[in-house]
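K.L.:
Here you go, this is query22.txt (compact mmCIF, N, CA and C atoms).
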```txt
# COMPACT_ATOMS: atom_id res chain seq x y z
N MET A 1 2.64 -22.70 -17.38
CA MET A 1 1.38 -22.72 -16.69
C MET A 1 1.08 -21.38 -16.03
N GLY A 2 1.92 -20.41 -16.18
CA GLY A 2 1.64 -19.13 -15.56
C GLY A 2 2.37 -18.97 -14.25
N GLN A 3 1.90 -18.05 -13.45
CA GLN A 3 2.56 -17.75 -12.19
C GLN A 3 1.65 -17.99 -11.00
N LEU A 4 0.96 -19.11 -11.00
CA LEU A 4 0.08 -19.44 -9.88
C LEU A 4 0.91 -19.78 -8.66
N LYS A 5 0.52 -19.25 -7.52
CA LYS A 5 1.21 -19.52 -6.27
C LYS A 5 0.21 -20.16 -5.32
N PRO A 6 0.60 -21.20 -4.62
CA PRO A 6 -0.32 -21.80 -3.65
C PRO A 6 -0.52 -20.86 -2.47
N ILE A 7 -1.74 -20.82 -1.95
CA ILE A 7 -2.06 -19.98 -0.80
C ILE A 7 -2.69 -20.86 0.26
N SER A 8 -2.11 -20.83 1.44
CA SER A 8 -2.59 -21.63 2.55
C SER A 8 -3.90 -21.07 3.10
N LYS A 9 -4.70 -21.94 3.64
CA LYS A 9 -5.95 -21.52 4.27
C LYS A 9 -5.67 -20.59 5.44
N ALA A 10 -4.50 -20.74 6.08
CA ALA A 10 -4.13 -19.92 7.24
C ALA A 10 -3.25 -18.73 6.85
N ASP A 11 -3.18 -18.41 5.56
CA ASP A 11 -2.34 -17.30 5.09
C ASP A 11 -2.89 -15.98 5.62
N LYS A 12 -2.01 -15.05 5.98
CA LYS A 12 -2.43 -13.75 6.50
C LYS A 12 -3.21 -12.94 5.47
N ARG A 13 -3.08 -13.28 4.19
CA ARG A 13 -3.84 -12.55 3.17
C ARG A 13 -5.33 -12.78 3.31
N MET A 14 -5.72 -13.79 4.05
CA MET A 14 -7.13 -14.07 4.28
C MET A 14 -7.65 -13.36 5.53
N SER A 15 -6.81 -12.55 6.19
CA SER A 15 -7.16 -11.92 7.46
C SER A 15 -7.91 -10.61 7.32
N ASP A 16 -8.19 -10.19 6.12
CA ASP A 16 -8.91 -8.95 5.87
C ASP A 16 -8.16 -7.73 6.40
N PHE A 17 -6.83 -7.71 6.22
CA PHE A 17 -6.07 -6.49 6.51
C PHE A 17 -6.25 -5.57 5.32
N SER A 18 -6.47 -4.29 5.58
CA SER A 18 -6.57 -3.34 4.49
C SER A 18 -6.21 -1.95 4.98
N ILE A 19 -5.91 -1.08 4.03
CA ILE A 19 -5.73 0.33 4.33
C ILE A 19 -6.61 1.12 3.36
N THR A 20 -6.98 2.31 3.76
CA THR A 20 -7.80 3.17 2.92
C THR A 20 -7.13 4.53 2.81
N ILE A 21 -7.13 5.06 1.61
CA ILE A 21 -6.67 6.43 1.38
C ILE A 21 -7.94 7.26 1.25
N ASP A 22 -8.15 8.18 2.19
CA ASP A 22 -9.40 8.94 2.16
C ASP A 22 -9.24 10.27 1.43
N LYS A 23 -10.35 10.98 1.27
CA LYS A 23 -10.36 12.24 0.52
C LYS A 23 -9.57 13.34 1.20
N SER A 24 -9.23 13.17 2.47
CA SER A 24 -8.42 14.15 3.20
C SER A 24 -6.93 13.83 3.11
N ASP A 25 -6.58 12.93 2.20
CA ASP A 25 -5.19 12.48 2.00
C ASP A 25 -4.59 11.90 3.28
N ARG A 26 -5.37 11.07 3.93
CA ARG A 26 -4.89 10.33 5.09
C ARG A 26 -4.86 8.85 4.74
N ILE A 27 -3.96 8.13 5.35
CA ILE A 27 -3.94 6.68 5.24
C ILE A 27 -4.55 6.14 6.52
N CYS A 28 -5.53 5.25 6.37
CA CYS A 28 -6.28 4.70 7.51
C CYS A 28 -6.10 3.19 7.54
N LEU A 29 -5.74 2.66 8.68
CA LEU A 29 -5.58 1.22 8.87
C LEU A 29 -6.89 0.65 9.39
N ASN A 30 -7.32 -0.48 8.86
CA ASN A 30 -8.56 -1.06 9.36
C ASN A 30 -8.34 -1.73 10.72
N ALA A 31 -9.43 -2.10 11.39
CA ALA A 31 -9.36 -2.63 12.76
C ALA A 31 -8.52 -3.89 12.87
N ASN A 32 -8.65 -4.81 11.90
CA ASN A 32 -7.86 -6.04 11.96
C ASN A 32 -6.37 -5.77 11.86
N LEU A 33 -5.99 -4.81 11.02
CA LEU A 33 -4.57 -4.47 10.89
C LEU A 33 -4.06 -3.77 12.15
N ARG A 34 -4.87 -2.89 12.72
CA ARG A 34 -4.47 -2.23 13.97
C ARG A 34 -4.25 -3.26 15.07
N LYS A 35 -5.13 -4.26 15.13
CA LYS A 35 -4.99 -5.32 16.13
C LYS A 35 -3.72 -6.13 15.88
N GLU A 36 -3.44 -6.45 14.63
CA GLU A 36 -2.24 -7.20 14.27
C GLU A 36 -0.97 -6.44 14.65
N LEU A 37 -0.97 -5.12 14.44
CA LEU A 37 0.19 -4.29 14.76
C LEU A 37 0.27 -3.91 16.23
N GLY A 38 -0.77 -4.22 16.99
CA GLY A 38 -0.80 -3.86 18.41
C GLY A 38 -0.91 -2.36 18.61
N LEU A 39 -1.64 -1.70 17.74
CA LEU A 39 -1.77 -0.25 17.77
C LEU A 39 -2.79 0.16 18.82
N ILE A 40 -2.31 0.74 19.91
CA ILE A 40 -3.18 1.21 20.99
C ILE A 40 -3.07 2.73 21.11
N ASP A 41 -1.86 3.23 21.16
CA ASP A 41 -1.60 4.66 21.22
C ASP A 41 -0.95 5.10 19.92
N LYS A 42 -0.43 6.32 19.91
CA LYS A 42 0.30 6.79 18.74
C LYS A 42 1.52 5.90 18.52
N VAL A 43 1.80 5.64 17.25
CA VAL A 43 2.97 4.83 16.93
C VAL A 43 3.59 5.36 15.64
N SER A 44 4.91 5.30 15.56
CA SER A 44 5.62 5.72 14.36
C SER A 44 5.85 4.52 13.47
N MET A 45 5.47 4.67 12.20
CA MET A 45 5.68 3.60 11.22
C MET A 45 6.18 4.20 9.92
N TYR A 46 6.87 3.39 9.16
CA TYR A 46 7.45 3.82 7.91
C TYR A 46 6.57 3.39 6.75
N LEU A 47 6.46 4.26 5.76
CA LEU A 47 5.71 3.95 4.54
C LEU A 47 6.69 3.72 3.41
N PHE A 48 6.39 2.72 2.59
CA PHE A 48 7.21 2.37 1.43
C PHE A 48 6.31 2.38 0.20
N TYR A 49 6.92 2.56 -0.96
CA TYR A 49 6.13 2.57 -2.19
C TYR A 49 6.85 1.78 -3.27
N ASP A 50 6.12 0.91 -3.95
CA ASP A 50 6.62 0.12 -5.09
C ASP A 50 6.03 0.73 -6.35
N GLU A 51 6.86 1.44 -7.12
CA GLU A 51 6.36 2.14 -8.31
C GLU A 51 5.83 1.19 -9.37
N ASP A 52 6.50 0.06 -9.57
CA ASP A 52 6.09 -0.87 -10.63
C ASP A 52 4.72 -1.49 -10.34
N GLY A 53 4.51 -1.93 -9.11
CA GLY A 53 3.25 -2.59 -8.76
C GLY A 53 2.24 -1.67 -8.12
N ARG A 54 2.58 -0.39 -7.95
CA ARG A 54 1.73 0.58 -7.25
C ARG A 54 1.25 0.01 -5.93
N ARG A 55 2.22 -0.48 -5.15
CA ARG A 55 1.90 -1.06 -3.85
C ARG A 55 2.48 -0.18 -2.74
N ILE A 56 1.81 -0.18 -1.60
CA ILE A 56 2.26 0.56 -0.43
C ILE A 56 2.65 -0.43 0.64
N GLY A 57 3.78 -0.17 1.29
CA GLY A 57 4.25 -1.00 2.38
C GLY A 57 4.24 -0.22 3.68
N ILE A 58 3.97 -0.91 4.78
CA ILE A 58 3.97 -0.30 6.11
C ILE A 58 4.79 -1.19 7.03
N SER A 59 5.72 -0.55 7.76
CA SER A 59 6.57 -1.30 8.67
C SER A 59 6.93 -0.44 9.88
N LYS A 60 7.23 -1.10 10.97
CA LYS A 60 7.68 -0.38 12.17
C LYS A 60 9.17 -0.11 12.12
N GLN A 61 9.87 -0.68 11.13
CA GLN A 61 11.32 -0.53 11.04
C GLN A 61 11.73 -0.10 9.65
N CYS A 62 12.87 0.60 9.59
CA CYS A 62 13.45 1.00 8.30
C CYS A 62 14.97 1.01 8.47
N GLU A 63 15.66 0.40 7.54
CA GLU A 63 17.12 0.33 7.63
C GLU A 63 17.78 1.69 7.40
N ASP A 64 17.17 2.55 6.61
CA ASP A 64 17.73 3.86 6.30
C ASP A 64 17.39 4.83 7.43
N GLU A 65 18.40 5.22 8.21
CA GLU A 65 18.17 6.08 9.38
C GLU A 65 17.80 7.51 9.01
N SER A 66 17.97 7.90 7.75
CA SER A 66 17.64 9.27 7.35
C SER A 66 16.14 9.44 7.04
N ILE A 67 15.40 8.34 6.96
CA ILE A 67 13.97 8.39 6.66
C ILE A 67 13.19 8.67 7.94
N LEU A 68 12.30 9.65 7.87
CA LEU A 68 11.46 9.99 9.02
C LEU A 68 10.15 9.20 8.94
N PRO A 69 9.73 8.61 10.06
CA PRO A 69 8.48 7.83 10.06
C PRO A 69 7.25 8.72 10.10
N PHE A 70 6.11 8.12 9.77
CA PHE A 70 4.81 8.76 9.87
C PHE A 70 4.22 8.38 11.23
N THR A 71 3.48 9.29 11.85
CA THR A 71 2.86 9.01 13.13
C THR A 71 1.40 8.64 12.92
N PHE A 72 1.05 7.43 13.31
CA PHE A 72 -0.34 6.94 13.24
C PHE A 72 -0.96 7.12 14.61
N ASP A 73 -2.18 7.67 14.66
CA ASP A 73 -2.85 7.83 15.94
C ASP A 73 -3.51 6.52 16.35
N SER A 74 -4.16 6.52 17.51
CA SER A 74 -4.75 5.28 18.04
C SER A 74 -5.89 4.76 17.17
N ARG A 75 -6.48 5.63 16.33
CA ARG A 75 -7.54 5.19 15.42
C ARG A 75 -6.98 4.62 14.12
N GLY A 76 -5.64 4.71 13.92
CA GLY A 76 -5.01 4.18 12.73
C GLY A 76 -4.90 5.16 11.58
N TYR A 77 -4.98 6.46 11.85
CA TYR A 77 -4.90 7.49 10.82
C TYR A 77 -3.55 8.18 10.83
N THR A 78 -3.07 8.54 9.65
CA THR A 78 -1.91 9.43 9.53
C THR A 78 -2.12 10.34 8.33
N SER A 79 -1.69 11.57 8.45
CA SER A 79 -1.74 12.50 7.33
C SER A 79 -0.56 12.19 6.41
N ALA A 80 -0.86 11.95 5.13
CA ALA A 80 0.20 11.52 4.20
C ALA A 80 0.09 12.24 2.87
N ARG A 81 -0.28 13.52 2.89
CA ARG A 81 -0.52 14.28 1.66
C ARG A 81 0.70 14.23 0.72
N GLY A 82 1.89 14.54 1.23
CA GLY A 82 3.08 14.55 0.39
C GLY A 82 3.40 13.17 -0.18
N PHE A 83 3.30 12.15 0.66
CA PHE A 83 3.56 10.78 0.23
C PHE A 83 2.60 10.37 -0.88
N LEU A 84 1.31 10.63 -0.68
CA LEU A 84 0.30 10.22 -1.65
C LEU A 84 0.41 11.01 -2.94
N SER A 85 0.79 12.27 -2.85
CA SER A 85 1.00 13.08 -4.04
C SER A 85 2.18 12.53 -4.84
N TRP A 86 3.25 12.19 -4.14
CA TRP A 86 4.43 11.64 -4.80
C TRP A 86 4.09 10.31 -5.47
N CYS A 87 3.22 9.52 -4.85
CA CYS A 87 2.81 8.22 -5.39
C CYS A 87 1.71 8.37 -6.45
N GLU A 88 1.20 9.58 -6.64
CA GLU A 88 0.17 9.90 -7.63
C GLU A 88 -1.16 9.18 -7.38
N TYR A 89 -1.57 9.11 -6.11
CA TYR A 89 -2.90 8.62 -5.79
C TYR A 89 -3.86 9.79 -5.83
N ASP A 90 -4.97 9.64 -6.54
CA ASP A 90 -5.95 10.70 -6.70
C ASP A 90 -7.27 10.27 -6.07
N THR A 91 -7.71 11.03 -5.07
CA THR A 91 -8.93 10.67 -4.34
C THR A 91 -10.10 11.59 -4.68
N THR A 92 -10.03 12.30 -5.80
CA THR A 92 -11.14 13.19 -6.16
C THR A 92 -12.43 12.41 -6.43
N ASP A 93 -12.32 11.16 -6.86
CA ASP A 93 -13.50 10.34 -7.13
C ASP A 93 -13.92 9.52 -5.91
N GLY A 94 -13.23 9.67 -4.79
CA GLY A 94 -13.58 8.92 -3.60
C GLY A 94 -12.37 8.23 -3.00
N ALA A 95 -12.61 7.57 -1.89
CA ALA A 95 -11.55 6.88 -1.17
C ALA A 95 -11.04 5.69 -1.99
N ILE A 96 -9.80 5.31 -1.73
CA ILE A 96 -9.18 4.17 -2.40
C ILE A 96 -8.84 3.12 -1.35
N ARG A 97 -9.31 1.91 -1.57
CA ARG A 97 -9.04 0.81 -0.63
C ARG A 97 -7.94 -0.06 -1.21
N LEU A 98 -6.97 -0.39 -0.38
CA LEU A 98 -5.89 -1.28 -0.76
C LEU A 98 -5.96 -2.50 0.15
N ILE A 99 -5.83 -3.69 -0.44
CA ILE A 99 -5.93 -4.93 0.33
C ILE A 99 -4.54 -5.52 0.55
N PHE A 100 -4.45 -6.35 1.56
CA PHE A 100 -3.19 -6.97 1.95
C PHE A 100 -2.71 -7.91 0.85
N ASP A 101 -1.45 -7.72 0.44
CA ASP A 101 -0.87 -8.50 -0.65
C ASP A 101 0.18 -9.49 -0.16
N GLY A 102 0.58 -9.37 1.11
CA GLY A 102 1.57 -10.28 1.65
C GLY A 102 2.64 -9.52 2.42
N MET A 103 3.60 -10.27 2.92
CA MET A 103 4.70 -9.69 3.69
C MET A 103 5.97 -9.73 2.85
N GLU A 104 6.77 -8.69 2.96
CA GLU A 104 8.12 -8.68 2.40
C GLU A 104 9.03 -8.34 3.55
N SER A 105 9.70 -9.32 4.07
CA SER A 105 10.45 -9.33 5.32
C SER A 105 9.52 -8.84 6.43
N ASP A 106 9.73 -7.68 7.05
CA ASP A 106 8.85 -7.24 8.14
C ASP A 106 7.89 -6.13 7.69
N THR A 107 7.66 -6.02 6.38
CA THR A 107 6.80 -4.98 5.83
C THR A 107 5.48 -5.57 5.34
N TYR A 108 4.37 -4.98 5.78
CA TYR A 108 3.05 -5.36 5.29
C TYR A 108 2.83 -4.63 3.96
N VAL A 109 2.49 -5.37 2.91
CA VAL A 109 2.37 -4.79 1.57
C VAL A 109 0.90 -4.83 1.14
N PHE A 110 0.43 -3.71 0.55
CA PHE A 110 -0.96 -3.56 0.14
C PHE A 110 -1.03 -3.13 -1.31
N ARG A 111 -2.06 -3.62 -2.01
CA ARG A 111 -2.25 -3.27 -3.42
C ARG A 111 -3.71 -2.89 -3.64
N GLU A 112 -3.94 -2.15 -4.73
CA GLU A 112 -5.31 -1.77 -5.07
C GLU A 112 -6.08 -3.01 -5.50
N THR A 113 -7.38 -2.98 -5.26
CA THR A 113 -8.23 -4.09 -5.67
C THR A 113 -8.44 -4.04 -7.18
N GLY A 114 -8.83 -5.15 -7.73
CA GLY A 114 -9.13 -5.20 -9.16
C GLY A 114 -7.89 -5.47 -10.00
N ARG A 115 -8.07 -5.37 -11.28
CA ARG A 115 -6.99 -5.65 -12.22
C ARG A 115 -6.14 -4.41 -12.43
N LEU A 116 -4.87 -4.67 -12.74
CA LEU A 116 -3.99 -3.56 -13.10
C LEU A 116 -4.24 -3.19 -14.54
N HIS A 117 -4.30 -1.91 -14.81
CA HIS A 117 -4.52 -1.43 -16.17
C HIS A 117 -3.20 -1.01 -16.76
N ASN A 118 -2.91 -1.53 -17.94
CA ASN A 118 -1.68 -1.18 -18.63
C ASN A 118 -1.97 -0.16 -19.71
N ALA A 119 -1.08 0.79 -19.84
CA ALA A 119 -1.21 1.79 -20.90
C ALA A 119 -0.10 1.52 -21.93
N PHE A 120 -0.47 1.60 -23.17
CA PHE A 120 0.49 1.35 -24.24
C PHE A 120 0.50 2.51 -25.21
N LYS A 121 1.64 2.70 -25.86
CA LYS A 121 1.70 3.63 -26.97
C LYS A 121 2.28 2.88 -28.15
N GLN A 122 1.87 3.27 -29.33
CA GLN A 122 2.29 2.56 -30.52
C GLN A 122 3.35 3.39 -31.25
N ALA A 123 4.46 2.75 -31.55
CA ALA A 123 5.54 3.40 -32.29
C ALA A 123 5.16 3.46 -33.77
N LYS A 124 5.90 4.23 -34.53
CA LYS A 124 5.61 4.36 -35.97
C LYS A 124 5.71 3.04 -36.72
N ASN A 125 6.57 2.16 -36.21
CA ASN A 125 6.72 0.86 -36.87
C ASN A 125 5.66 -0.14 -36.46
N GLY A 126 4.73 0.27 -35.59
CA GLY A 126 3.63 -0.59 -35.19
C GLY A 126 3.84 -1.33 -33.89
N ASP A 127 5.06 -1.27 -33.34
CA ASP A 127 5.33 -1.95 -32.09
C ASP A 127 4.62 -1.25 -30.92
N LEU A 128 4.12 -2.06 -29.98
CA LEU A 128 3.49 -1.53 -28.79
C LEU A 128 4.52 -1.46 -27.67
N GLU A 129 4.44 -0.39 -26.88
CA GLU A 129 5.38 -0.18 -25.78
C GLU A 129 4.59 0.30 -24.58
N ARG A 130 4.90 -0.27 -23.41
CA ARG A 130 4.22 0.18 -22.18
C ARG A 130 4.62 1.61 -21.85
N CYS A 131 3.64 2.38 -21.36
CA CYS A 131 3.91 3.76 -20.95
C CYS A 131 4.20 3.81 -19.48
```
In structure tokens, how does this file's structure come out?
P.N.:
Amino acid sequence: MGQLKPISKADKRMSDFSITIDKSDRICLNANLRKELGLIDKVSMYLFYDEDGRRIGISKQCEDESILPFTFDSRGYTSARGFLSWCEYDTTDGAIRLIFDGMESDTYVFRETGRLHNAFKQAKNGDLERC
């Protein structure tokens, strides 16, 4: 039957949490997410990246002590040029909005809106392979 998952009416995914990657290579948290995180002043948070799903995670904690956090100001902005370059996000066509995808332990996870596009290449024998 596929991979349908039930979603509660009170699920946090319905809370309109989102982040935006703007043309200045900053990550911006929307007002609802700032309120959820209790963001009033500057706060240090960790960014995570899921290469397979092209998802970004944000958390106040990280188990790896060698990772340096990003500093978000009271408006919910942080400069993330290196992070976004490494993740290959391109904002030349405009800002990119990512919506809340759920929680993974204490990490808020966000994904791009719309469908995921798969790229394939065809081998000489005719088999298709994901790129």
K.L.:
Can you tell me, as a PyMOL selection string, what residues are no more than 6 Å from A:Ile56 when counting only N, CA and C atoms, ignoring any on the same chain fewer than 5 positions away?
P.N.:
chain A and resi 48-50+108-111
K.L.:
Which distance in Å separates atom CA of A:Glu65 and atom CA of A:Gly82, to one decimal?
P.N.:
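We find that atom CA of A:Glu65 and atom CA of A:Gly82 lie 19.5 Å from each other.
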K.L.:
Restricting the calculation to all atoms listed in the file: of A:Ile96, A:Cys28, A:Ile21, A:Leu68, which residue gets closest to A:Leu47?
P.N.:
A:Leu68
K.L.:
Got a sec: who's within 5 Å of stretch 30-38 of chain A, counting only N, CA and C atoms, leaving out chain neighbours fewer than 2 positions off, as JSON, numbers by chain?
P.N.:
{"A": [17, 18, 19, 28, 40]}
K.L.:
Keeping only N, CA and C atoms, take the residues you just selected and write them out as a short mmCIF file (atom, residue, chain, number, x, y, z; two decimals), in the coordinates of the input.
P.N.:
```cif
data_model
loop_
_atom_site.label_atom_id
_atom_site.label_comp_id
_atom_site.auth_asym_id
_atom_site.auth_seq_id
_atom_site.Cartn_x
_atom_site.Cartn_y
_atom_site.Cartn_z
N PHE A 17 -6.83 -7.71 6.22
CA PHE A 17 -6.07 -6.49 6.51
C PHE A 17 -6.25 -5.57 5.32
N SER A 18 -6.47 -4.29 5.58
CA SER A 18 -6.57 -3.34 4.49
C SER A 18 -6.21 -1.95 4.98
N ILE A 19 -5.91 -1.08 4.03
CA ILE A 19 -5.73 0.33 4.33
C ILE A 19 -6.61 1.12 3.36
N CYS A 28 -5.53 5.25 6.37
CA CYS A 28 -6.28 4.70 7.51
C CYS A 28 -6.10 3.19 7.54
N ILE A 40 -2.31 0.74 19.91
CA ILE A 40 -3.18 1.21 20.99
C ILE A 40 -3.07 2.73 21.11
#
```
K.L.:
For atom C of A:Thr71 and atom N of A:Met45, quote the distance in Å rounded to one decimal.
P.N.:
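Computing the Euclidean distance for atom C of A:Thr71 and atom N of A:Met45 yields 5.7 Å.
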K.L.:
Can you tell me how far atom N of A:Lys42 sits from atom C of A:Thr20, in Å to one decimal?
P.N.:
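For atom N of A:Lys42 relative to atom C of A:Thr20, the distance reads 18.5 Å.
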K.L.:
In stretch 12-118 of chain A, what's helix (DSSP H, G or I) per DSSP? Answer as JSON, numbers by chain?
P.N.:
{"A": [12, 13, 14, 31, 32, 33, 34, 35, 36, 37, 81, 82, 83, 84, 85, 86]}
K.L.:
Smallest atom-to-atom distance to A:Gln61: which of A:Glu129, A:Ser44, A:Tyr77, A:Leu29, using only C-alpha atoms?
P.N.:
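Looking at the shortest contact to A:Gln61, the residue is A:Ser44.
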K.L.:
DSSP on the backbone: which residues in stretch 8-129 of chain A end up as strand (DSSP E)? Give the answer as a ChimeraX atom specification.
P.N.:
/A:18-21,26-29,43-50,55-59,70-72,77-79,96-104,107-112,120-122,128-129
K.L.:
Around (-2.7, -2.8, -7.6), as given in the file, which residues come within 6 Å? Count all atoms listed in the file and list them as a JSON list (two decimals) with N, CA and C atoms, keeping the file's coordinate frame.
P.N.:
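Final file, result-v2.json:
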```json
[["chain", "number", "residue", "atom", "x", "y", "z"],
["A", 53, "GLY", "N", 4.51, -1.93, -9.11],
["A", 53, "GLY", "CA", 3.25, -2.59, -8.76],
["A", 53, "GLY", "C", 2.24, -1.67, -8.12],
["A", 54, "ARG", "N", 2.58, -0.39, -7.95],
["A", 54, "ARG", "CA", 1.73, 0.58, -7.25],
["A", 54, "ARG", "C", 1.25, 0.01, -5.93],
["A", 55, "ARG", "N", 2.22, -0.48, -5.15],
["A", 55, "ARG", "CA", 1.90, -1.06, -3.85],
["A", 55, "ARG", "C", 2.48, -0.18, -2.74],
["A", 111, "ARG", "N", -2.06, -3.62, -2.01],
["A", 111, "ARG", "CA", -2.25, -3.27, -3.42],
["A", 111, "ARG", "C", -3.71, -2.89, -3.64],
["A", 112, "GLU", "N", -3.94, -2.15, -4.73],
["A", 112, "GLU", "CA", -5.31, -1.77, -5.07],
["A", 112, "GLU", "C", -6.08, -3.01, -5.50],
["A", 113, "THR", "N", -7.38, -2.98, -5.26],
["A", 113, "THR", "CA", -8.23, -4.09, -5.67],
["A", 113, "THR", "C", -8.44, -4.04, -7.18],
["A", 116, "LEU", "N", -4.87, -4.67, -12.74],
["A", 116, "LEU", "CA", -3.99, -3.56, -13.10],
["A", 116, "LEU", "C", -4.24, -3.19, -14.54]]
```
K.L.:
Return the single residue from A:Lys23, A:Ser74, A:Thr107, A:Ile67 that is closest to A:Asp93, with distances computed using only N, CA and C atoms.
P.N.:
A:Lys23
